[in-house]
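**Student:** Take a look at this one; I'll ask things after.
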Amino acid sequence: MTRRRSRKPLPGYPIEERFTSREAIENYLSDDRIICLICGRPFKAITGHLAIHEMTADEYKDKYNIPYTYGLARDTTRQMMSKGQKNYYAANPERRQFMAQIIKDCAEARRSGLMKARPRRDFIARENTQRAIELTGHKTQFSNLEKTAFLNALDGGMTQNEAVKSIGYSLSGFQGVLRQNPAFKAAVKIAIEAQPFALQARQQRLGKRFENECRRLLQQGYSDHIIADMLGVTAMTVNRRTKKMRAD
């Protein structure tokens with residue numbers, strides 16, 4: 001007779017408090033055993049154990065504010081699994097190429113909106129911003145002169161990243177500026193929406209205006225290749241939109 005594992009939590013569990021810093025998470029994952037915060041039991045890795053609580057690893061990470069990129073295993077277990085994975089891929093290069101293509105396809109699907117991107121943890125974004133500020137010495141506020149120079153760079157044909165570098169800011173520091181300045185963030189969005197489609201495509205920032213233009217030209221009977229030439233983008237970029245339009 002198979003012994004059924006108990007779901008009853010130990011005294012003091014479950015823990016309801018969520019992680020609020022990278023350091024706290026790394027301390028949690030660096031112990032000899034990973035403590036399940038729901039039942040209090042220790043494991044080398046808790047991903048499989050979570051089925052007892054009818055919970056997936058992503059749901060556990062959401063509950064306790066752990067970034068999706070963090071594995072739910074102790075350091076030595078993660079290192080052992082990583083080494084095993086490297087050895088497997090070294091012996092099976094075709095499998096490595098297959099997985100690399102899947103990762104590439106998923107990234108493309110997120111950029112095109114076909115797949116919803118996983119949300120970032122707010123405290124990780126704040127810590128990254130603070131780290132960038134400490135490294136570069138930049139604050140999270142643009143002066144009016146810097147705002148004007150940045151918007152002029154966008155109007156002059158630069159991508160957002162190029163415009164950021166043109167005024168001497170780091171990309172991560174600039175994200176902090178946007179989070180702290182919603183009015184300026186809105187102005188940047190408007191400026192990018194007004195850029196030529198070819199420039200928007202370089203930034204994966206094609207929006208509603210592009211979709212409306214694709215729909216208008218499609219209704220006039222133009223093919224995807226002709227629409228692409230007219231709008232200055234690739235036929236594949238156009239096809240991602242027109243495919244849905246034809247299905248509708």
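In the structure tokens, chains take the letters A, B, ... in the order shown, each chain's residues start at 1, and ligands count up from 1 in the order shown.
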DSSP on the backbone: which residues in stretch 117-223 of chain A end up as helix (DSSP H, G or I)? Give the answer as a ChimeraX atom specification.
**Tutor:** /A:122-136,144-155,160-166,171-180,182-193,197-202,208-219
**Student:** Within 12 Å of stretch 70-86 of chain A, counting only C-alpha atoms, which residues qualify if same-chain residues fewer than 2 places away don't, as a PyMOL selection string?
**Tutor:** chain A and resi 22+25-37+42-50+56-62+64-68+88-93+95-96+99+121
**Student:** How far is it from atom CA of A:Cys39 to atom CA of A:Lys8, in Å with one decimal?
**Tutor:**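 Taking atom CA of A:Cys39 as the start and atom CA of A:Lys8 as the end point, the length is 6.7 Å.
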**Student:** Mind listing the strand (DSSP E or B) residues of stretch 29-197 of chain A, per DSSP on the backbone, as an MDAnalysis selection string?
**Tutor:** chainID A and resid 34:35 42:43 45 73
**Student:** Restricted to C-alpha atoms, what would the selected residues look like written as an mmCIF file, in the first residue's frame?
**Tutor:**
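Result file follows (again_11.cif):
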data_model
loop_
_atom_site.group_PDB
_atom_site.id
_atom_site.type_symbol
_atom_site.label_atom_id
_atom_site.label_comp_id
_atom_site.auth_asym_id
_atom_site.auth_seq_id
_atom_site.Cartn_x
_atom_site.Cartn_y
_atom_site.Cartn_z
ATOM 1 C CA ILE A 34 14.660 24.671 0.138
ATOM 2 C CA ILE A 35 11.854 25.122 2.643
ATOM 3 C CA PRO A 42 12.622 20.912 3.343
ATOM 4 C CA PHE A 43 13.589 19.654 -0.127
ATOM 5 C CA ALA A 45 14.070 21.055 -5.091
ATOM 6 C CA ALA A 73 16.181 24.335 -6.006
#
**Student:** Tell me which protein, DNA and RNA residues are within 8 Å of A:Arg205, counting only C-alpha atoms, leaving out same-chain ones fewer than 3 positions away, and put them as JSON, numbers by chain.
**Tutor:** {"A": [192, 193, 200, 201, 202]}
**Student:** Separation of atom CA of A:Ala194 and atom CA of A:Thr159, in Å?
**Tutor:**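 That distance, rounded to one decimal, is 12.1 Å.
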**Student:** Compile the contact shell of stretch 142-152 of chain A as a ChimeraX atom specification: residues with an atom at most 8 Å away, counting only C-alpha atoms, same-chain residues fewer than 5 positions apart removed.
**Tutor:** /A:163-164,166-167,177,184,188,191
**Student:** Considering only C-alpha atoms, return as number ranges by chain whatever protein or nucleic-acid residues lie within 9 Å of A:Leu10, sequence-local ones (same chain, fewer than 5 positions apart) excluded.
**Tutor:** A: 38-41
**Student:** Kindly give the distance, in Å, that separates atom CA of A:Leu218 and atom CA of A:Gln203, rounded to a single decimal.
**Tutor:** 23.8 Å
